[in-house]
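Visitor: My questions all concern the structure below.
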Amino acid sequence: MAILIENGAILTLAGTPPAILDPGYVLIREERIVAVAAGRPADETRTAADQIIDATHMAVLPGLVNAHTHLFQTFIRGLADDKTLLPWLKAAIWPVGAAMGAEEAYLAGLLGLVENIRSGATAVIDNQYLHSDDRTDAAFCRAARDVGCRFTIARGWADHDYHPVFQETPEQIIAAMTALHDDWHGAAEGRIRVAFGPLIPWGCSAATMQRTVALARQWGVATHIHTAETREEVQMSLDATGLRHVQWLDRLGVLGPDVQLVHAVWLDDSEIERIAETGTLVVHCPVSNMYLASGIAPVVKLLRAGVPVALATDGPGSNNSQDMLETLKFAACLQKVGTLDATALLPVDVLRMACVYGARAINLTPYPLSYEERGIDAPFPSQGGGQGVGGCLAPGAAADLALVDLNSPRMQPVWSVPSALVYNANGGDVDTVIVAGRVLMRDKRVTCLDEAALLDECRRAAKALLKRAGVVG
Ligand SMILES: [Zn+2]
């Protein structure tokens, strides 16, 4: 199956500064991109294509990676607005999460994944920590398989001091992770992966943390953990251990390129240095940090120290949407206001965060930054490890793309494609989404399922769940 996308403004994100080929074309064969070039495709290329997508007045960009969410929260968005983290957990997240069954989880997962696709996300990392029904992990994986996006399930765990319903013993955690790894790691032609998701430093014992990180390293999977989200939590850690969150993780030998610190809002300079030295990745959730009044993460300092910082929406309970295009704008604007520097993060910087560093978070290898120097038609080098190359539009990279419609009153005229994507566009402007060479959305219509029927089912199921959980009458 060969798909040709022509007449678009192609934002390759390969090279520094990234090339924009306008007009340009992208040729996809099976699950990979085989050609990216400026101008119009040759007649032979057009004739050989099974499907031609006309991207006139559209931006064509690598798929965005939503590097941290909690899909189950689609059913409770808007239910506990205007609270800080701990009261918010107690008001809605814990009671509804504790009552949710596997079939409700499947529907909530489908809803959240469709919303992600609609905003141009081709990959999602779900920090899934509901275990009251032991089929829940599989329910989210089924949803991802049925939708067709890339999906990492970072299975959340806590073994002390957390809400009792969400706590497990170390033996339960290892047994459940082993089963999940056996059943789902590498499923759906490799699009589904598993990761360990220790929830939060104050809910995870040192011994279990070290045990799970050792197992993750043995399996070659990531460890994904909420870290230093609020000042209050860092103080809790200082009171209990005398160490800040990153210091505590460092002491345990946890930091490393296979580790993802979500939020990382409250860091001191020595922690930033250690995150950089160890090659640890940070996931920034600007909307959630504002929504829960958590603070402004030191993203510019982290990037300048050489830390890869990916972007995410966080769960729909603290956002309340899953709009990755909207996240780009918030990420840029929050750093401007936090540093009082209008150049703190530019549109291209946040696009790189979402695509290039996002690719790293899902185990795709970002394209080497020297690509542009070697020319756009340079042969693609073999990378080794991981699932191949992603986060850019270049020959050999994974065929994960989003096409964003620029032909609307709030975008035209467009003088800079990255600027229009970051400051003007939102999820409603995404026209087409392709994951691993399969079209999941076309002409703003989701092709992988019946969206109207899904919305009906979700309304009904969420209402019944909230009633059962005692959250609404
Ligand atoms: Zn989270």
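Going by the structure tokens order, chains are called A, B, ..., each with residues numbered from 1, while ligands are numbered from 1 in the order shown.
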May I have the residues within 12 Å of region 468-470 of chain A as a PyMOL selection string, using only C-alpha atoms and disregarding those fewer than 6 positions away in the same chain?
Guide: chain A and resi 76+91-101+461-462
Visitor: Near region 421-434 of chain A, within 9 Å and counting only C-alpha atoms, which residues show up once chain neighbours fewer than 5 positions away are dropped, as a PyMOL selection string?
Guide: chain A and resi 58-59+63+115-122+149+322-330+332+347-348+350-351+399-406+408+410-411+416+439-446
Visitor: Contacts between ligand 1 and chain A, please, where a residue of chain A counts if it comes within 9 Å (with only C-alpha atoms and all ligand atoms); show its shortest atom pair and distance in Å to one decimal, rows by chain and ascending number, as JSON lines.
Guide:
```
{"residue": "A:His68", "atom": "CA", "partner": "ligand 1", "partner_atom_place_in_ligand_line": "1 (Zn)", "distance": 6.5}
{"residue": "A:Thr69", "atom": "CA", "partner": "ligand 1", "partner_atom_place_in_ligand_line": "1 (Zn)", "distance": 5.9}
{"residue": "A:His70", "atom": "CA", "partner": "ligand 1", "partner_atom_place_in_ligand_line": "1 (Zn)", "distance": 6.4}
{"residue": "A:Asp126", "atom": "CA", "partner": "ligand 1", "partner_atom_place_in_ligand_line": "1 (Zn)", "distance": 8.9}
{"residue": "A:Asn127", "atom": "CA", "partner": "ligand 1", "partner_atom_place_in_ligand_line": "1 (Zn)", "distance": 6.8}
{"residue": "A:Leu199", "atom": "CA", "partner": "ligand 1", "partner_atom_place_in_ligand_line": "1 (Zn)", "distance": 8.3}
{"residue": "A:Ile225", "atom": "CA", "partner": "ligand 1", "partner_atom_place_in_ligand_line": "1 (Zn)", "distance": 8.5}
{"residue": "A:His226", "atom": "CA", "partner": "ligand 1", "partner_atom_place_in_ligand_line": "1 (Zn)", "distance": 6.3}
{"residue": "A:Val262", "atom": "CA", "partner": "ligand 1", "partner_atom_place_in_ligand_line": "1 (Zn)", "distance": 7.2}
{"residue": "A:His263", "atom": "CA", "partner": "ligand 1", "partner_atom_place_in_ligand_line": "1 (Zn)", "distance": 8.1}
{"residue": "A:Cys285", "atom": "CA", "partner": "ligand 1", "partner_atom_place_in_ligand_line": "1 (Zn)", "distance": 8.6}
{"residue": "A:Ser288", "atom": "CA", "partner": "ligand 1", "partner_atom_place_in_ligand_line": "1 (Zn)", "distance": 8.5}
{"residue": "A:Thr313", "atom": "CA", "partner": "ligand 1", "partner_atom_place_in_ligand_line": "1 (Zn)", "distance": 8.9}
{"residue": "A:Asp314", "atom": "CA", "partner": "ligand 1", "partner_atom_place_in_ligand_line": "1 (Zn)", "distance": 5.2}
{"residue": "A:Gly315", "atom": "CA", "partner": "ligand 1", "partner_atom_place_in_ligand_line": "1 (Zn)", "distance": 6.0}
{"residue": "A:Ser318", "atom": "CA", "partner": "ligand 1", "partner_atom_place_in_ligand_line": "1 (Zn)", "distance": 8.5}
```
Visitor: Output C-alpha atoms of each residue in that selection to a file, as an mmCIF file, in the first residue's frame.
Guide:
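File again02.cif, as written:
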```cif
data_model
loop_
_atom_site.group_PDB
_atom_site.id
_atom_site.type_symbol
_atom_site.label_atom_id
_atom_site.label_comp_id
_atom_site.auth_asym_id
_atom_site.auth_seq_id
_atom_site.Cartn_x
_atom_site.Cartn_y
_atom_site.Cartn_z
ATOM 1 C CA HIS A 68 1.442 11.381 29.641
ATOM 2 C CA THR A 69 -2.245 10.916 30.270
ATOM 3 C CA HIS A 70 -4.718 8.899 32.332
ATOM 4 C CA ASP A 126 -1.225 6.122 29.400
ATOM 5 C CA ASN A 127 -0.260 6.030 33.062
ATOM 6 C CA LEU A 199 2.877 6.536 40.621
ATOM 7 C CA ILE A 225 6.875 8.435 37.300
ATOM 8 C CA HIS A 226 5.129 11.606 38.532
ATOM 9 C CA VAL A 262 6.440 13.587 34.631
ATOM 10 C CA HIS A 263 5.882 17.241 35.643
ATOM 11 C CA CYS A 285 2.201 19.022 31.156
ATOM 12 C CA SER A 288 -2.380 20.442 34.057
ATOM 13 C CA THR A 313 -1.866 16.882 28.236
ATOM 14 C CA ASP A 314 -1.992 14.859 31.481
ATOM 15 C CA GLY A 315 -5.328 13.163 32.250
ATOM 16 C CA SER A 318 -6.847 17.958 35.117
#
```
Visitor: Identify which of the residues A:Glu451, A:Ala398, A:Pro418, A:Val65 lies closest to Glu30 (chain A), counting only C-alpha atoms when measuring atom-to-atom distances.
Guide: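 Counting only C-alpha atoms, the residue closest to Glu30 (chain A) is A:Ala398.
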Visitor: If we count only C-alpha atoms and set the cut-off at 8 Å, which residues sit around Asp22 (chain A), ignoring sequence neighbours fewer than 5 positions away in its own chain? Please answer as JSON, numbers by chain.
Guide: {"A": [7, 8, 9, 10, 38, 39]}
Visitor: Those selected residues, please, written with N, CA and C atoms and delivered as a CSV table (one decimal), in the first residue's frame.
Guide:
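Just written: result.csv:
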```
chain,number,residue,atom,x,y,z
A,7,ASN,N,1.2,18.5,-2.4
A,7,ASN,CA,0.8,19.9,-2.3
A,7,ASN,C,0.7,20.5,-0.9
A,8,GLY,N,1.3,19.9,0.1
A,8,GLY,CA,1.2,20.4,1.4
A,8,GLY,C,2.5,21.2,1.8
A,9,ALA,N,2.4,21.9,3.0
A,9,ALA,CA,3.6,22.5,3.5
A,9,ALA,C,4.2,21.5,4.5
A,10,ILE,N,5.3,20.9,4.1
A,10,ILE,CA,5.8,19.8,4.8
A,10,ILE,C,6.8,20.3,5.9
A,38,ALA,N,10.7,18.5,-1.8
A,38,ALA,CA,10.1,19.8,-2.2
A,38,ALA,C,9.5,19.6,-3.6
A,39,GLY,N,8.5,20.5,-3.9
A,39,GLY,CA,8.0,20.5,-5.3
A,39,GLY,C,6.9,19.5,-5.5
```
Visitor: Residues of region 256-472 of chain A in strand (DSSP E) according to DSSP, as a ChimeraX atom specification?
Guide: /A:259-263,281-284,309-311,365-366,389-390,401-405,430-435,438-442,445-446
Visitor: With N, CA, C and O atoms retained, could you export that selection as a short mmCIF file (atom, residue, chain, number, x, y, z; two decimals), in the first residue's frame?
Guide:
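Result file is selection.cif:
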```cif
data_model
loop_
_atom_site.label_atom_id
_atom_site.label_comp_id
_atom_site.auth_asym_id
_atom_site.auth_seq_id
_atom_site.Cartn_x
_atom_site.Cartn_y
_atom_site.Cartn_z
N VAL A 259 14.26 6.48 31.92
CA VAL A 259 13.34 6.97 32.96
C VAL A 259 12.73 8.29 32.53
O VAL A 259 13.40 9.15 31.96
N GLN A 260 11.40 8.42 32.79
CA GLN A 260 10.63 9.59 32.38
C GLN A 260 10.04 10.24 33.62
O GLN A 260 9.24 9.61 34.32
N LEU A 261 10.46 11.48 33.91
CA LEU A 261 9.95 12.20 35.07
C LEU A 261 8.82 13.11 34.60
O LEU A 261 9.03 14.03 33.81
N VAL A 262 7.60 12.82 35.07
CA VAL A 262 6.44 13.59 34.63
C VAL A 262 6.25 14.78 35.56
O VAL A 262 6.28 14.62 36.79
N HIS A 263 6.08 15.94 34.99
CA HIS A 263 5.88 17.24 35.64
C HIS A 263 7.21 17.92 35.96
O HIS A 263 7.53 18.93 35.36
N LEU A 281 14.65 11.67 30.85
CA LEU A 281 13.70 12.47 30.07
C LEU A 281 12.65 13.08 31.00
O LEU A 281 12.26 12.47 31.99
N VAL A 282 12.22 14.29 30.68
CA VAL A 282 11.15 14.95 31.44
C VAL A 282 9.92 15.08 30.56
O VAL A 282 10.04 15.31 29.35
N VAL A 283 8.75 14.89 31.15
CA VAL A 283 7.49 15.10 30.42
C VAL A 283 6.78 16.31 31.03
O VAL A 283 6.48 16.31 32.22
N HIS A 284 6.56 17.32 30.22
CA HIS A 284 5.98 18.59 30.68
C HIS A 284 4.48 18.63 30.33
O HIS A 284 4.10 18.38 29.19
N VAL A 309 12.81 17.17 26.76
CA VAL A 309 11.54 17.45 27.44
C VAL A 309 10.41 17.19 26.45
O VAL A 309 10.27 17.93 25.46
N ALA A 310 9.63 16.15 26.70
CA ALA A 310 8.47 15.84 25.85
C ALA A 310 7.25 16.57 26.39
O ALA A 310 7.29 17.14 27.49
N LEU A 311 6.16 16.57 25.63
CA LEU A 311 4.95 17.30 26.03
C LEU A 311 3.77 16.35 26.21
O LEU A 311 3.69 15.30 25.57
N THR A 365 13.51 6.27 17.65
CA THR A 365 14.75 7.04 17.68
C THR A 365 14.56 8.33 16.91
O THR A 365 14.23 8.30 15.73
N PRO A 366 14.76 9.49 17.55
CA PRO A 366 14.65 10.74 16.80
C PRO A 366 15.74 10.80 15.73
O PRO A 366 16.82 10.24 15.91
N VAL A 389 13.00 4.74 13.54
CA VAL A 389 13.09 6.19 13.66
C VAL A 389 11.70 6.82 13.63
O VAL A 389 10.80 6.34 12.95
N GLY A 390 11.52 7.89 14.40
CA GLY A 390 10.24 8.59 14.40
C GLY A 390 10.45 10.03 14.79
O GLY A 390 11.57 10.48 15.02
N LEU A 401 1.87 10.59 10.85
CA LEU A 401 1.76 11.98 10.40
C LEU A 401 0.40 12.57 10.76
O LEU A 401 -0.58 11.85 10.90
N ALA A 402 0.40 13.90 10.85
CA ALA A 402 -0.86 14.62 10.98
C ALA A 402 -0.91 15.70 9.90
O ALA A 402 0.11 16.33 9.60
N LEU A 403 -2.09 15.89 9.30
CA LEU A 403 -2.30 16.96 8.33
C LEU A 403 -3.25 17.97 8.98
O LEU A 403 -4.35 17.60 9.42
N VAL A 404 -2.81 19.22 9.07
CA VAL A 404 -3.61 20.24 9.75
C VAL A 404 -4.08 21.24 8.71
O VAL A 404 -3.29 21.81 7.95
N ASP A 405 -5.39 21.48 8.70
CA ASP A 405 -6.03 22.40 7.76
C ASP A 405 -5.70 23.84 8.15
O ASP A 405 -6.06 24.29 9.24
N VAL A 430 -7.39 19.56 12.72
CA VAL A 430 -6.68 18.38 12.17
C VAL A 430 -7.59 17.70 11.15
O VAL A 430 -8.76 17.44 11.41
N ASP A 431 -7.03 17.45 9.98
CA ASP A 431 -7.82 16.89 8.87
C ASP A 431 -7.59 15.40 8.71
O ASP A 431 -8.54 14.64 8.52
N THR A 432 -6.32 15.00 8.80
CA THR A 432 -5.97 13.60 8.49
C THR A 432 -4.90 13.13 9.47
O THR A 432 -4.00 13.90 9.80
N VAL A 433 -5.03 11.90 9.91
CA VAL A 433 -4.01 11.32 10.79
C VAL A 433 -3.66 9.93 10.28
O VAL A 433 -4.55 9.12 9.97
N ILE A 434 -2.36 9.68 10.18
CA ILE A 434 -1.87 8.39 9.69
C ILE A 434 -0.93 7.82 10.74
O ILE A 434 -0.06 8.54 11.24
N VAL A 435 -1.12 6.57 11.10
CA VAL A 435 -0.22 5.91 12.06
C VAL A 435 0.30 4.62 11.43
O VAL A 435 -0.50 3.78 10.98
N ARG A 438 -1.27 3.64 8.25
CA ARG A 438 -2.72 3.41 8.18
C ARG A 438 -3.45 4.71 8.47
O ARG A 438 -3.14 5.41 9.43
N VAL A 439 -4.45 5.01 7.64
CA VAL A 439 -5.20 6.26 7.79
C VAL A 439 -6.27 6.06 8.88
O VAL A 439 -7.19 5.27 8.71
N LEU A 440 -6.12 6.77 10.00
CA LEU A 440 -7.09 6.64 11.11
C LEU A 440 -8.12 7.75 11.07
O LEU A 440 -9.17 7.64 11.71
N MET A 441 -7.81 8.83 10.34
CA MET A 441 -8.76 9.94 10.22
C MET A 441 -8.52 10.61 8.87
O MET A 441 -7.37 10.75 8.45
N ARG A 442 -9.61 10.96 8.21
CA ARG A 442 -9.50 11.55 6.87
C ARG A 442 -10.64 12.54 6.71
O ARG A 442 -11.78 12.25 7.10
N ARG A 445 -12.87 13.10 9.61
CA ARG A 445 -13.73 12.00 10.09
C ARG A 445 -12.86 10.83 10.52
O ARG A 445 -12.00 10.38 9.77
N VAL A 446 -13.14 10.36 11.73
CA VAL A 446 -12.41 9.20 12.26
C VAL A 446 -12.87 7.96 11.50
O VAL A 446 -14.07 7.72 11.37
#
```
Visitor: Name all residues at most 9 Å from region 155-171 of chain A (count only C-alpha atoms; drop same-chain ones fewer than 6 positions away) and give them as a PyMOL selection string.
Guide: chain A and resi 94+97-98+126-132+137+177+180+194-205+207-208+211-212+224-225
